[in-house]
Amino acid sequence: MELKEKKVLVFGAGISGIGAAGLLLSAGADVVLYEGNAEKKEEDIRAALPCGAEIRIVIGELPEELMGQLDLTILSPGVPTDLPIVNKMREQGIRIWGEVELAWECGKGDVLAITGTNGKTTTTSLLGEIMKAWKEEVYVVGNIGNPYTEAAPKMTEKAVTVAEISSFQLETIETFAPKVSAILNITPDHLNRHHTMEEYIRVKELITKNQGGDDTCVLNYEDDILREFGKTLHTKVIYFSSLHTLEQGIYLDGEDIVFCDGSKKTVLCSVKELNLPGRHNHENVMAAAAMAMAYGVPLEVIRQVVKSFKAVEHRIEFVMEKNGVVYYNDSKGTNPDAAIKGIQAMDRPTLLIGGGYDKNSSYEEWIESFDGKVKYLVLIGQTKEKIAETARKCGFHSIIMAETLEEAVQICVDKSESGDAVLLSPACASWGMFPNYEVRGKRFKELVNQLA
C-alpha cells in the first residue's frame, strides 16, 4: 500500500504508537495520533514524538468526521481488535493494520519471526546473537522491547530482522511473510483478550499465513497442537523435541542436542555446555538453532554462540546468593505455564512469590507442578485469593499473603534457610502493581541486592 499522503490514524500513544507515527511520517503519510485515555496530556505525548513532528493528537473521544477521512488505522498491540470503535472502522471500509504489518510494508531484507506462549524472548535474543555473529546488518525487534517500526526505515536489502511476535501483533497482519517462522508452544494465555482457546490458537498459527513453499516453519514436536498443525502446512517444517528421537529435526539425545537431516546425525552441543538451565531452555536453544540452520547459518557459528549465550533478564535470572540462599528473578513468568518452567528449573527447596493481575488463567497445573519443591507460596496482587483457594483445593496449604512485593521479599528472607531458593515467578501479569514485568523484576532485584 502506498502510504504517501494517505490519512492514517495511529490508535494508541504508547511506545508502539510513537514508533508507528514516526515511521508513517517518514513515509509521507498524514498522521493523526489517537489516545483514548482522556487523562493523558498532549504535551507528554508530543514530547515523545520525533522533534518537530507535525502530527495532530486527539485525546479522549474520536470525532466522527475524522473517522470518515481515514484511509488506514494502525492499532497498537494493546488495543483489542474487537472494540466497538474498531468494528465501526471495519464497517466503513477502513483498512486496519498493526505495527508488524506497517513495519513489514516499509522494511527490507529477510525476517525470521518467533511466536509462542513461552520462550519467545530467550529464543529471539539467542537467534539474534547467532545472526549477528554471521551477518553485518541484523535487527532484533518486536515484542522484545525494540519497536519493529523504529528499525524498519534503517533496513537495506541485506538486512536480517529477528522478530518476537505476540498474538496481539499477529491479529492484524495482512501480507507479513517471514522467511523462517517458529511457534514454540501454545498453552492458555491472554484469554481475556482472545476469549477462547480456539481463537488464541488460530491467531498464533497466523504467523505462517503468507509463507510459501521455499519458507520454513519450526515447530515443537512435544506440543500436540503444533505437531498436528505441521501436517497441514505447505512450507518446509522442522520439528524440535526434548523427549523424542526424530528421524528429521533437532532433538535431545541424553545430554546432547542432535540434528538429523534424515540420514546424518550431527551433535550441536551438550546441555552441560549451556548457560541456560531447564528443559524449556534446551527447547529454546533447539528452536533458535533450527531457525538458523534453515536460514543457512554454518553449524560452527551456531555452536559457538549457543555455548556463550547467557540467560535473558527477568527469565529465571540468577540475582544473588546470601547466607546460602539463592535468589532468582523470573518476573517474565507472566502466565501459569511460564511459571511452571520456573519451578521446574529449581533444584532446591523453594520459597515462591506469585500473584498479580488476573488474565482469567487457571492455576491448578501450576500448583501441581510444585512437586514437593515449594516450601512456602507467598502471594501478592489481585489474584492472591484466587490462587490461594486453588492451592488449598490442590492440597497445598503453606500459603502466606503479602500486600506488597517488598513485604513478600522480607517474608522469604525471614522464612528461608541455607540451601533454599527464593523465586519470583508470579504466573500473572504485573498490571495493577507495576507498569510491566520488567519494572517488577527490576524492583525485585533491587530488594534482593539491598540484602548484601
# chains A, B, ... in the order shown; residues from 1 in each chain; ligands from 1
>>> residues_around(residues="region 149-151 of chain A", least_positions_apart="6", cutoff="7 Å", atoms="only C-alpha atoms", output="PyMOL selection string")
chain A and resi 19-20+23+99+103+139
>>> write_last_selection(atoms="N, CA, C and O atoms", output="CSV table (one decimal), in the first residue's frame")
chain,number,residue,atom,x,y,z
A,19,GLY,N,6.4,4.8,17.7
A,19,GLY,CA,7.2,4.3,16.7
A,19,GLY,C,6.5,4.2,15.3
A,19,GLY,O,7.1,4.6,14.3
A,20,ALA,N,5.2,3.8,15.4
A,20,ALA,CA,4.4,3.8,14.1
A,20,ALA,C,4.2,5.2,13.5
A,20,ALA,O,4.3,5.4,12.3
A,23,LEU,N,7.4,6.3,11.8
A,23,LEU,CA,7.6,5.6,10.5
A,23,LEU,C,6.6,6.1,9.4
A,23,LEU,O,7.0,6.4,8.3
A,99,GLU,N,1.4,-2.7,14.1
A,99,GLU,CA,2.7,-2.2,13.8
A,99,GLU,C,3.6,-3.2,13.0
A,99,GLU,O,4.4,-2.8,12.2
A,103,ALA,N,5.5,-2.2,9.6
A,103,ALA,CA,6.9,-2.3,9.5
A,103,ALA,C,7.3,-3.2,8.4
A,103,ALA,O,8.3,-2.9,7.7
A,139,TYR,N,18.7,-6.8,12.9
A,139,TYR,CA,17.9,-6.1,13.8
A,139,TYR,C,17.1,-7.1,14.6
A,139,TYR,O,16.5,-8.0,14.1
>>> select_by_dssp(residues="region 55-283 of chain A", states="helix (DSSP H, G or I)", output="ChimeraX atom specification")
/A:64-67,84-91,99-106,120-132,148-154,167-170,191-194,197-208,224-230,271-273,279-283
>>> residues_around(residues="region 255-269 of chain A", least_positions_apart="2", cutoff="10 Å", atoms="only C-alpha atoms", output="PDB file with N, CA, C and O atoms, in the first residue's frame")
ATOM      1  N   ILE A 238      10.375 -27.961  10.227  1.00  0.00           N
ATOM      2  CA  ILE A 238      11.406 -28.581  11.056  1.00  0.00           C
ATOM      3  C   ILE A 238      10.851 -28.683  12.474  1.00  0.00           C
ATOM      4  O   ILE A 238      10.441 -27.675  13.062  1.00  0.00           O
ATOM      5  N   PHE A 240      11.371 -29.640  16.571  1.00  0.00           N
ATOM      6  CA  PHE A 240      12.362 -29.857  17.620  1.00  0.00           C
ATOM      7  C   PHE A 240      11.680 -30.611  18.759  1.00  0.00           C
ATOM      8  O   PHE A 240      10.473 -30.474  18.975  1.00  0.00           O
ATOM      9  N   SER A 241      12.458 -31.431  19.471  1.00  0.00           N
ATOM     10  CA  SER A 241      11.870 -32.268  20.511  1.00  0.00           C
ATOM     11  C   SER A 241      12.835 -32.463  21.661  1.00  0.00           C
ATOM     12  O   SER A 241      14.020 -32.720  21.457  1.00  0.00           O
ATOM     13  N   SER A 242      12.293 -32.356  22.875  1.00  0.00           N
ATOM     14  CA  SER A 242      13.101 -32.604  24.073  1.00  0.00           C
ATOM     15  C   SER A 242      12.871 -33.999  24.643  1.00  0.00           C
ATOM     16  O   SER A 242      13.558 -34.404  25.584  1.00  0.00           O
ATOM     17  N   THR A 245      13.166 -38.985  19.865  1.00  0.00           N
ATOM     18  CA  THR A 245      14.180 -39.046  18.818  1.00  0.00           C
ATOM     19  C   THR A 245      13.485 -38.836  17.476  1.00  0.00           C
ATOM     20  O   THR A 245      12.514 -39.532  17.163  1.00  0.00           O
ATOM     21  N   LEU A 246      13.954 -37.874  16.696  1.00  0.00           N
ATOM     22  CA  LEU A 246      13.313 -37.535  15.429  1.00  0.00           C
ATOM     23  C   LEU A 246      14.138 -38.061  14.255  1.00  0.00           C
ATOM     24  O   LEU A 246      15.365 -37.965  14.254  1.00  0.00           O
ATOM     25  N   GLU A 247      13.452 -38.620  13.259  1.00  0.00           N
ATOM     26  CA  GLU A 247      14.150 -39.055  12.045  1.00  0.00           C
ATOM     27  C   GLU A 247      14.688 -37.860  11.273  1.00  0.00           C
ATOM     28  O   GLU A 247      15.717 -37.941  10.606  1.00  0.00           O
ATOM     29  N   GLN A 248      13.944 -36.755  11.346  1.00  0.00           N
ATOM     30  CA  GLN A 248      14.393 -35.488  10.782  1.00  0.00           C
ATOM     31  C   GLN A 248      14.045 -34.384  11.764  1.00  0.00           C
ATOM     32  O   GLN A 248      12.912 -34.299  12.233  1.00  0.00           O
ATOM     33  N   GLY A 249      15.037 -33.546  12.081  1.00  0.00           N
ATOM     34  CA  GLY A 249      14.789 -32.458  13.013  1.00  0.00           C
ATOM     35  C   GLY A 249      15.893 -32.352  14.043  1.00  0.00           C
ATOM     36  O   GLY A 249      16.953 -32.963  13.912  1.00  0.00           O
ATOM     37  N   ILE A 250      15.638 -31.597  15.097  1.00  0.00           N
ATOM     38  CA  ILE A 250      16.629 -31.378  16.139  1.00  0.00           C
ATOM     39  C   ILE A 250      16.035 -31.833  17.472  1.00  0.00           C
ATOM     40  O   ILE A 250      14.888 -31.520  17.786  1.00  0.00           O
ATOM     41  N   TYR A 251      16.811 -32.619  18.219  1.00  0.00           N
ATOM     42  CA  TYR A 251      16.229 -33.238  19.414  1.00  0.00           C
ATOM     43  C   TYR A 251      17.294 -33.455  20.489  1.00  0.00           C
ATOM     44  O   TYR A 251      18.509 -33.345  20.230  1.00  0.00           O
ATOM     45  N   LEU A 252      16.803 -33.750  21.683  1.00  0.00           N
ATOM     46  CA  LEU A 252      17.672 -34.015  22.818  1.00  0.00           C
ATOM     47  C   LEU A 252      17.908 -35.512  22.924  1.00  0.00           C
ATOM     48  O   LEU A 252      16.971 -36.297  23.066  1.00  0.00           O
ATOM     49  N   ASP A 253      19.163 -35.921  22.829  1.00  0.00           N
ATOM     50  CA  ASP A 253      19.546 -37.321  22.934  1.00  0.00           C
ATOM     51  C   ASP A 253      20.434 -37.460  24.172  1.00  0.00           C
ATOM     52  O   ASP A 253      21.632 -37.198  24.115  1.00  0.00           O
ATOM     53  N   VAL A 271      24.076 -30.206  26.680  1.00  0.00           N
ATOM     54  CA  VAL A 271      23.362 -29.227  27.505  1.00  0.00           C
ATOM     55  C   VAL A 271      24.228 -28.766  28.678  1.00  0.00           C
ATOM     56  O   VAL A 271      24.006 -27.691  29.236  1.00  0.00           O
ATOM     57  N   LYS A 272      25.241 -29.569  29.027  1.00  0.00           N
ATOM     58  CA  LYS A 272      26.155 -29.174  30.101  1.00  0.00           C
ATOM     59  C   LYS A 272      27.033 -27.991  29.690  1.00  0.00           C
ATOM     60  O   LYS A 272      27.604 -27.306  30.541  1.00  0.00           O
ATOM     61  N   GLU A 273      27.111 -27.750  28.380  1.00  0.00           N
ATOM     62  CA  GLU A 273      27.905 -26.628  27.875  1.00  0.00           C
ATOM     63  C   GLU A 273      27.097 -25.331  27.801  1.00  0.00           C
ATOM     64  O   GLU A 273      27.643 -24.281  27.462  1.00  0.00           O
ATOM     65  N   LEU A 274      25.800 -25.403  28.106  1.00  0.00           N
ATOM     66  CA  LEU A 274      24.923 -24.237  28.015  1.00  0.00           C
ATOM     67  C   LEU A 274      24.875 -23.483  29.339  1.00  0.00           C
ATOM     68  O   LEU A 274      25.044 -24.071  30.408  1.00  0.00           O
ATOM     69  N   HIS A 282      16.420 -25.683  26.927  1.00  0.00           N
ATOM     70  CA  HIS A 282      17.017 -26.550  25.906  1.00  0.00           C
ATOM     71  C   HIS A 282      16.149 -26.541  24.651  1.00  0.00           C
ATOM     72  O   HIS A 282      16.661 -26.560  23.520  1.00  0.00           O
ATOM     73  N   GLU A 283      14.834 -26.474  24.836  1.00  0.00           N
ATOM     74  CA  GLU A 283      13.919 -26.351  23.689  1.00  0.00           C
ATOM     75  C   GLU A 283      14.122 -25.018  22.980  1.00  0.00           C
ATOM     76  O   GLU A 283      14.097 -24.949  21.743  1.00  0.00           O
ATOM     77  N   VAL A 285      16.877 -23.305  22.801  1.00  0.00           N
ATOM     78  CA  VAL A 285      18.136 -23.427  22.052  1.00  0.00           C
ATOM     79  C   VAL A 285      17.904 -24.215  20.761  1.00  0.00           C
ATOM     80  O   VAL A 285      18.383 -23.825  19.686  1.00  0.00           O
ATOM     81  N   MET A 286      17.163 -25.313  20.862  1.00  0.00           N
ATOM     82  CA  MET A 286      16.892 -26.117  19.670  1.00  0.00           C
ATOM     83  C   MET A 286      16.106 -25.326  18.623  1.00  0.00           C
ATOM     84  O   MET A 286      16.385 -25.407  17.424  1.00  0.00           O
ATOM     85  N   ALA A 289      18.428 -22.730  17.023  1.00  0.00           N
ATOM     86  CA  ALA A 289      19.388 -23.412  16.152  1.00  0.00           C
ATOM     87  C   ALA A 289      18.721 -23.896  14.871  1.00  0.00           C
ATOM     88  O   ALA A 289      19.283 -23.768  13.772  1.00  0.00           O
ATOM     89  N   ALA A 290      17.515 -24.443  14.985  1.00  0.00           N
ATOM     90  CA  ALA A 290      16.791 -24.927  13.809  1.00  0.00           C
ATOM     91  C   ALA A 290      16.484 -23.779  12.851  1.00  0.00           C
ATOM     92  O   ALA A 290      16.610 -23.917  11.629  1.00  0.00           O
ATOM     93  N   MET A 293      19.761 -22.777  11.141  1.00  0.00           N
ATOM     94  CA  MET A 293      20.154 -23.759  10.119  1.00  0.00           C
ATOM     95  C   MET A 293      19.268 -23.644   8.879  1.00  0.00           C
ATOM     96  O   MET A 293      19.743 -23.744   7.749  1.00  0.00           O
ATOM     97  N   LEU A 299      26.976 -24.411  10.978  1.00  0.00           N
ATOM     98  CA  LEU A 299      26.788 -25.065  12.268  1.00  0.00           C
ATOM     99  C   LEU A 299      27.801 -24.580  13.300  1.00  0.00           C
ATOM    100  O   LEU A 299      27.462 -24.414  14.479  1.00  0.00           O
ATOM    101  N   GLU A 300      29.018 -24.312  12.887  1.00  0.00           N
ATOM    102  CA  GLU A 300      30.045 -23.898  13.842  1.00  0.00           C
ATOM    103  C   GLU A 300      29.733 -22.524  14.438  1.00  0.00           C
ATOM    104  O   GLU A 300      30.010 -22.269  15.617  1.00  0.00           O
ATOM    105  N   ILE A 302      26.661 -21.345  14.904  1.00  0.00           N
ATOM    106  CA  ILE A 302      25.579 -21.618  15.851  1.00  0.00           C
ATOM    107  C   ILE A 302      26.134 -22.203  17.141  1.00  0.00           C
ATOM    108  O   ILE A 302      25.783 -21.779  18.248  1.00  0.00           O
ATOM    109  N   ARG A 303      27.019 -23.158  17.004  1.00  0.00           N
ATOM    110  CA  ARG A 303      27.594 -23.859  18.159  1.00  0.00           C
ATOM    111  C   ARG A 303      28.320 -22.878  19.089  1.00  0.00           C
ATOM    112  O   ARG A 303      28.143 -22.913  20.306  1.00  0.00           O
ATOM    113  N   GLN A 304      29.120 -21.993  18.523  1.00  0.00           N
ATOM    114  CA  GLN A 304      29.880 -21.042  19.333  1.00  0.00           C
ATOM    115  C   GLN A 304      28.956 -20.106  20.107  1.00  0.00           C
ATOM    116  O   GLN A 304      29.194 -19.819  21.291  1.00  0.00           O
ATOM    117  N   VAL A 306      25.615 -20.495  20.959  1.00  0.00           N
ATOM    118  CA  VAL A 306      24.751 -21.108  21.977  1.00  0.00           C
ATOM    119  C   VAL A 306      25.548 -21.473  23.227  1.00  0.00           C
ATOM    120  O   VAL A 306      25.009 -21.442  24.345  1.00  0.00           O
ATOM    121  N   LYS A 307      26.821 -21.758  23.068  1.00  0.00           N
ATOM    122  CA  LYS A 307      27.646 -22.096  24.239  1.00  0.00           C
ATOM    123  C   LYS A 307      27.966 -20.868  25.094  1.00  0.00           C
ATOM    124  O   LYS A 307      28.176 -20.986  26.299  1.00  0.00           O
TER     125      LYS A 307
END
>>> closest_residue(among="A:Ser181, A:Thr123, A:Thr334, A:Ser308", to="Val218 (chain A)", atoms="only C-alpha atoms")
A:Ser181
>>> closest_atom_pairs(of="region 100-201 of chain A", to="region 63-79 of chain A", cutoff="9 Å", atoms="only C-alpha atoms", output="Markdown table")
| residue | atom | partner | partner_atom | distance |
| --- | --- | --- | --- | --- |
| A:Glu101 | CA | A:Ile74 | CA | 8.9 |
| A:Leu102 | CA | A:Ile74 | CA | 7.7 |
| A:Ser166 | CA | A:Pro77 | CA | 8.4 |
| A:Ser167 | CA | A:Pro77 | CA | 8.8 |
| A:Phe168 | CA | A:Pro77 | CA | 5.2 |
| A:Gln169 | CA | A:Pro77 | CA | 5.5 |
| A:Glu171 | CA | A:Pro77 | CA | 8.9 |
| A:Thr172 | CA | A:Leu75 | CA | 8.0 |
>>> write_last_selection(atoms="all heavy atoms", output="PDB file, in the first residue's frame")
ATOM      1  N   GLU A 101       2.552  -5.276  10.504  1.00  0.00           N
ATOM      2  CA  GLU A 101       2.227  -5.137   9.083  1.00  0.00           C
ATOM      3  C   GLU A 101       2.807  -3.836   8.519  1.00  0.00           C
ATOM      4  O   GLU A 101       3.332  -3.816   7.403  1.00  0.00           O
ATOM      5  CB  GLU A 101       0.712  -5.165   8.890  1.00  0.00           C
ATOM      6  CG  GLU A 101       0.268  -5.165   7.445  1.00  0.00           C
ATOM      7  CD  GLU A 101       0.653  -6.428   6.684  1.00  0.00           C
ATOM      8  OE1 GLU A 101       0.860  -7.485   7.312  1.00  0.00           O
ATOM      9  OE2 GLU A 101       0.744  -6.360   5.434  1.00  0.00           O
ATOM     10  N   LEU A 102       2.717  -2.758   9.296  1.00  0.00           N
ATOM     11  CA  LEU A 102       3.277  -1.479   8.848  1.00  0.00           C
ATOM     12  C   LEU A 102       4.785  -1.576   8.649  1.00  0.00           C
ATOM     13  O   LEU A 102       5.321  -1.142   7.615  1.00  0.00           O
ATOM     14  CB  LEU A 102       2.953  -0.393   9.888  1.00  0.00           C
ATOM     15  CG  LEU A 102       3.594   0.978   9.655  1.00  0.00           C
ATOM     16  CD1 LEU A 102       3.107   1.593   8.352  1.00  0.00           C
ATOM     17  CD2 LEU A 102       3.305   1.906  10.846  1.00  0.00           C
ATOM     18  N   SER A 166       3.972 -11.232  19.164  1.00  0.00           N
ATOM     19  CA  SER A 166       2.939 -11.679  20.092  1.00  0.00           C
ATOM     20  C   SER A 166       1.640 -11.983  19.358  1.00  0.00           C
ATOM     21  O   SER A 166       1.450 -11.603  18.195  1.00  0.00           O
ATOM     22  CB  SER A 166       2.671 -10.596  21.141  1.00  0.00           C
ATOM     23  OG  SER A 166       1.985  -9.504  20.552  1.00  0.00           O
ATOM     24  N   SER A 167       0.735 -12.642  20.052  1.00  0.00           N
ATOM     25  CA  SER A 167      -0.581 -12.916  19.458  1.00  0.00           C
ATOM     26  C   SER A 167      -1.311 -11.615  19.160  1.00  0.00           C
ATOM     27  O   SER A 167      -2.023 -11.507  18.156  1.00  0.00           O
ATOM     28  CB  SER A 167      -1.418 -13.789  20.398  1.00  0.00           C
ATOM     29  OG  SER A 167      -1.609 -13.148  21.649  1.00  0.00           O
ATOM     30  N   PHE A 168      -1.122 -10.596  20.001  1.00  0.00           N
ATOM     31  CA  PHE A 168      -1.766  -9.306  19.773  1.00  0.00           C
ATOM     32  C   PHE A 168      -1.309  -8.712  18.437  1.00  0.00           C
ATOM     33  O   PHE A 168      -2.092  -8.074  17.730  1.00  0.00           O
ATOM     34  CB  PHE A 168      -1.427  -8.315  20.893  1.00  0.00           C
ATOM     35  CG  PHE A 168      -1.974  -8.677  22.242  1.00  0.00           C
ATOM     36  CD1 PHE A 168      -2.735  -9.816  22.452  1.00  0.00           C
ATOM     37  CD2 PHE A 168      -1.709  -7.864  23.332  1.00  0.00           C
ATOM     38  CE1 PHE A 168      -3.221 -10.144  23.715  1.00  0.00           C
ATOM     39  CE2 PHE A 168      -2.195  -8.167  24.607  1.00  0.00           C
ATOM     40  CZ  PHE A 168      -2.949  -9.317  24.787  1.00  0.00           C
ATOM     41  N   GLN A 169      -0.040  -8.904  18.107  1.00  0.00           N
ATOM     42  CA  GLN A 169       0.507  -8.356  16.865  1.00  0.00           C
ATOM     43  C   GLN A 169       0.084  -9.170  15.642  1.00  0.00           C
ATOM     44  O   GLN A 169      -0.068  -8.628  14.551  1.00  0.00           O
ATOM     45  CB  GLN A 169       2.029  -8.289  16.964  1.00  0.00           C
ATOM     46  CG  GLN A 169       2.513  -7.290  18.008  1.00  0.00           C
ATOM     47  CD  GLN A 169       3.991  -7.428  18.312  1.00  0.00           C
ATOM     48  OE1 GLN A 169       4.511  -8.538  18.455  1.00  0.00           O
ATOM     49  NE2 GLN A 169       4.696  -6.316  18.426  1.00  0.00           N
ATOM     50  N   GLU A 171      -2.768 -10.587  15.165  1.00  0.00           N
ATOM     51  CA  GLU A 171      -4.177 -10.382  14.835  1.00  0.00           C
ATOM     52  C   GLU A 171      -4.370  -9.471  13.625  1.00  0.00           C
ATOM     53  O   GLU A 171      -5.375  -9.568  12.933  1.00  0.00           O
ATOM     54  CB  GLU A 171      -4.917  -9.762  16.025  1.00  0.00           C
ATOM     55  CG  GLU A 171      -5.207 -10.710  17.163  1.00  0.00           C
ATOM     56  CD  GLU A 171      -5.958 -10.013  18.281  1.00  0.00           C
ATOM     57  OE1 GLU A 171      -5.483  -8.994  18.796  1.00  0.00           O
ATOM     58  OE2 GLU A 171      -7.047 -10.499  18.633  1.00  0.00           O
ATOM     59  N   THR A 172      -3.412  -8.575  13.378  1.00  0.00           N
ATOM     60  CA  THR A 172      -3.622  -7.527  12.383  1.00  0.00           C
ATOM     61  C   THR A 172      -2.663  -7.608  11.200  1.00  0.00           C
ATOM     62  O   THR A 172      -2.430  -6.611  10.514  1.00  0.00           O
ATOM     63  CB  THR A 172      -3.483  -6.149  13.058  1.00  0.00           C
ATOM     64  OG1 THR A 172      -2.291  -6.135  13.859  1.00  0.00           O
ATOM     65  CG2 THR A 172      -4.678  -5.844  13.944  1.00  0.00           C
TER      66      THR A 172
END
>>> residues_around(residues="Gln410 (chain A)", least_positions_apart="4", cutoff="10 Å", atoms="only C-alpha atoms", output="short mmCIF file (atom, residue, chain, number, x, y, z; two decimals) with N, CA, C and O atoms, in the first residue's frame")
data_model
loop_
_atom_site.label_atom_id
_atom_site.label_comp_id
_atom_site.auth_asym_id
_atom_site.auth_seq_id
_atom_site.Cartn_x
_atom_site.Cartn_y
_atom_site.Cartn_z
N ALA A 402 0.79 -11.37 51.27
CA ALA A 402 1.55 -10.12 51.45
C ALA A 402 0.86 -9.02 50.66
O ALA A 402 0.22 -9.28 49.63
N LEU A 405 5.30 -6.31 47.10
CA LEU A 405 6.46 -7.12 46.75
C LEU A 405 7.53 -6.98 47.83
O LEU A 405 8.21 -7.96 48.17
N GLU A 406 7.67 -5.79 48.37
CA GLU A 406 8.65 -5.56 49.43
C GLU A 406 8.37 -6.47 50.63
O GLU A 406 9.30 -7.10 51.17
N ASP A 414 12.97 -13.99 55.87
CA ASP A 414 12.77 -14.46 57.25
C ASP A 414 12.53 -15.97 57.31
O ASP A 414 12.94 -16.63 58.27
N LYS A 415 11.87 -16.53 56.30
CA LYS A 415 11.47 -17.94 56.33
C LYS A 415 12.50 -18.88 55.69
O LYS A 415 12.42 -20.10 55.87
N SER A 416 13.43 -18.34 54.93
CA SER A 416 14.37 -19.20 54.19
C SER A 416 15.52 -19.67 55.06
O SER A 416 15.86 -19.05 56.07
N LEU A 447 15.49 -5.07 45.69
CA LEU A 447 15.24 -5.52 47.06
C LEU A 447 16.21 -6.61 47.49
O LEU A 447 16.71 -6.61 48.62
N VAL A 448 16.50 -7.52 46.57
CA VAL A 448 17.43 -8.61 46.90
C VAL A 448 18.85 -8.08 47.08
O VAL A 448 19.56 -8.45 48.03
N LEU A 451 19.98 -6.68 50.33
CA LEU A 451 20.31 -7.63 51.40
C LEU A 451 21.82 -7.73 51.59
O LEU A 451 22.30 -8.06 52.66
#
>>> residues_around(residues="region 14-17 of chain A", least_positions_apart="4", cutoff="7 Å", atoms="only C-alpha atoms", output="VMD selection string")
chain A and resid 10 21 76 147
>>> write_last_selection(atoms="N, CA, C and O atoms", output="compact mmCIF listing (two decimals), in the first residue's frame")
# COMPACT_ATOMS: atom_id res chain seq x y z
N VAL A 10 -3.12 6.52 14.00
CA VAL A 10 -2.39 5.60 14.88
C VAL A 10 -3.17 5.54 16.19
O VAL A 10 -3.30 6.54 16.90
N ALA A 21 3.96 6.13 14.41
CA ALA A 21 3.74 7.50 13.92
C ALA A 21 5.00 8.04 13.24
O ALA A 21 4.92 8.67 12.18
N SER A 76 -2.19 -0.15 17.94
CA SER A 76 -1.13 -0.59 18.84
C SER A 76 -1.51 -1.96 19.41
O SER A 76 -2.70 -2.27 19.52
N PRO A 147 10.84 -1.55 19.14
CA PRO A 147 9.76 -1.49 18.14
C PRO A 147 10.26 -1.78 16.72
O PRO A 147 11.24 -1.19 16.26
>>> residues_around(residues="Leu112 (chain A)", least_positions_apart="5", cutoff="7 Å", atoms="only C-alpha atoms", output="ChimeraX atom specification")
/A:161-163,178-181
>>> residues_around(residues="Asn275 (chain A)", least_positions_apart="6", cutoff="7 Å", atoms="only C-alpha atoms", output="list in words")
Phe309, Lys310 and Ala311 of chain A
>>> select_by_dssp(residues="region 144-334 of chain A", states="strand (DSSP E)", output="ChimeraX atom specification")
/A:160-164,180-183,216-220,236-241,248-253,256-261,265-270,317-322,325-329
>>> closest_residue(among="A:Asn284, A:Thr81, A:Asn210, A:Asn220", to="Gly119 (chain A)", atoms="only C-alpha atoms")
A:Asn284
>>> atom_distance(atom1="CA of Met197 (chain A)", atom2="CA of Glu228 (chain A)")
16.1 Å
>>> atom_distance(atom1="CA of Asp358 (chain A)", atom2="CA of Cys428 (chain A)")
6.5 Å
>>> atom_distance(atom1="CA of Glu174 (chain A)", atom2="CA of Val203 (chain A)")
12.4 Å
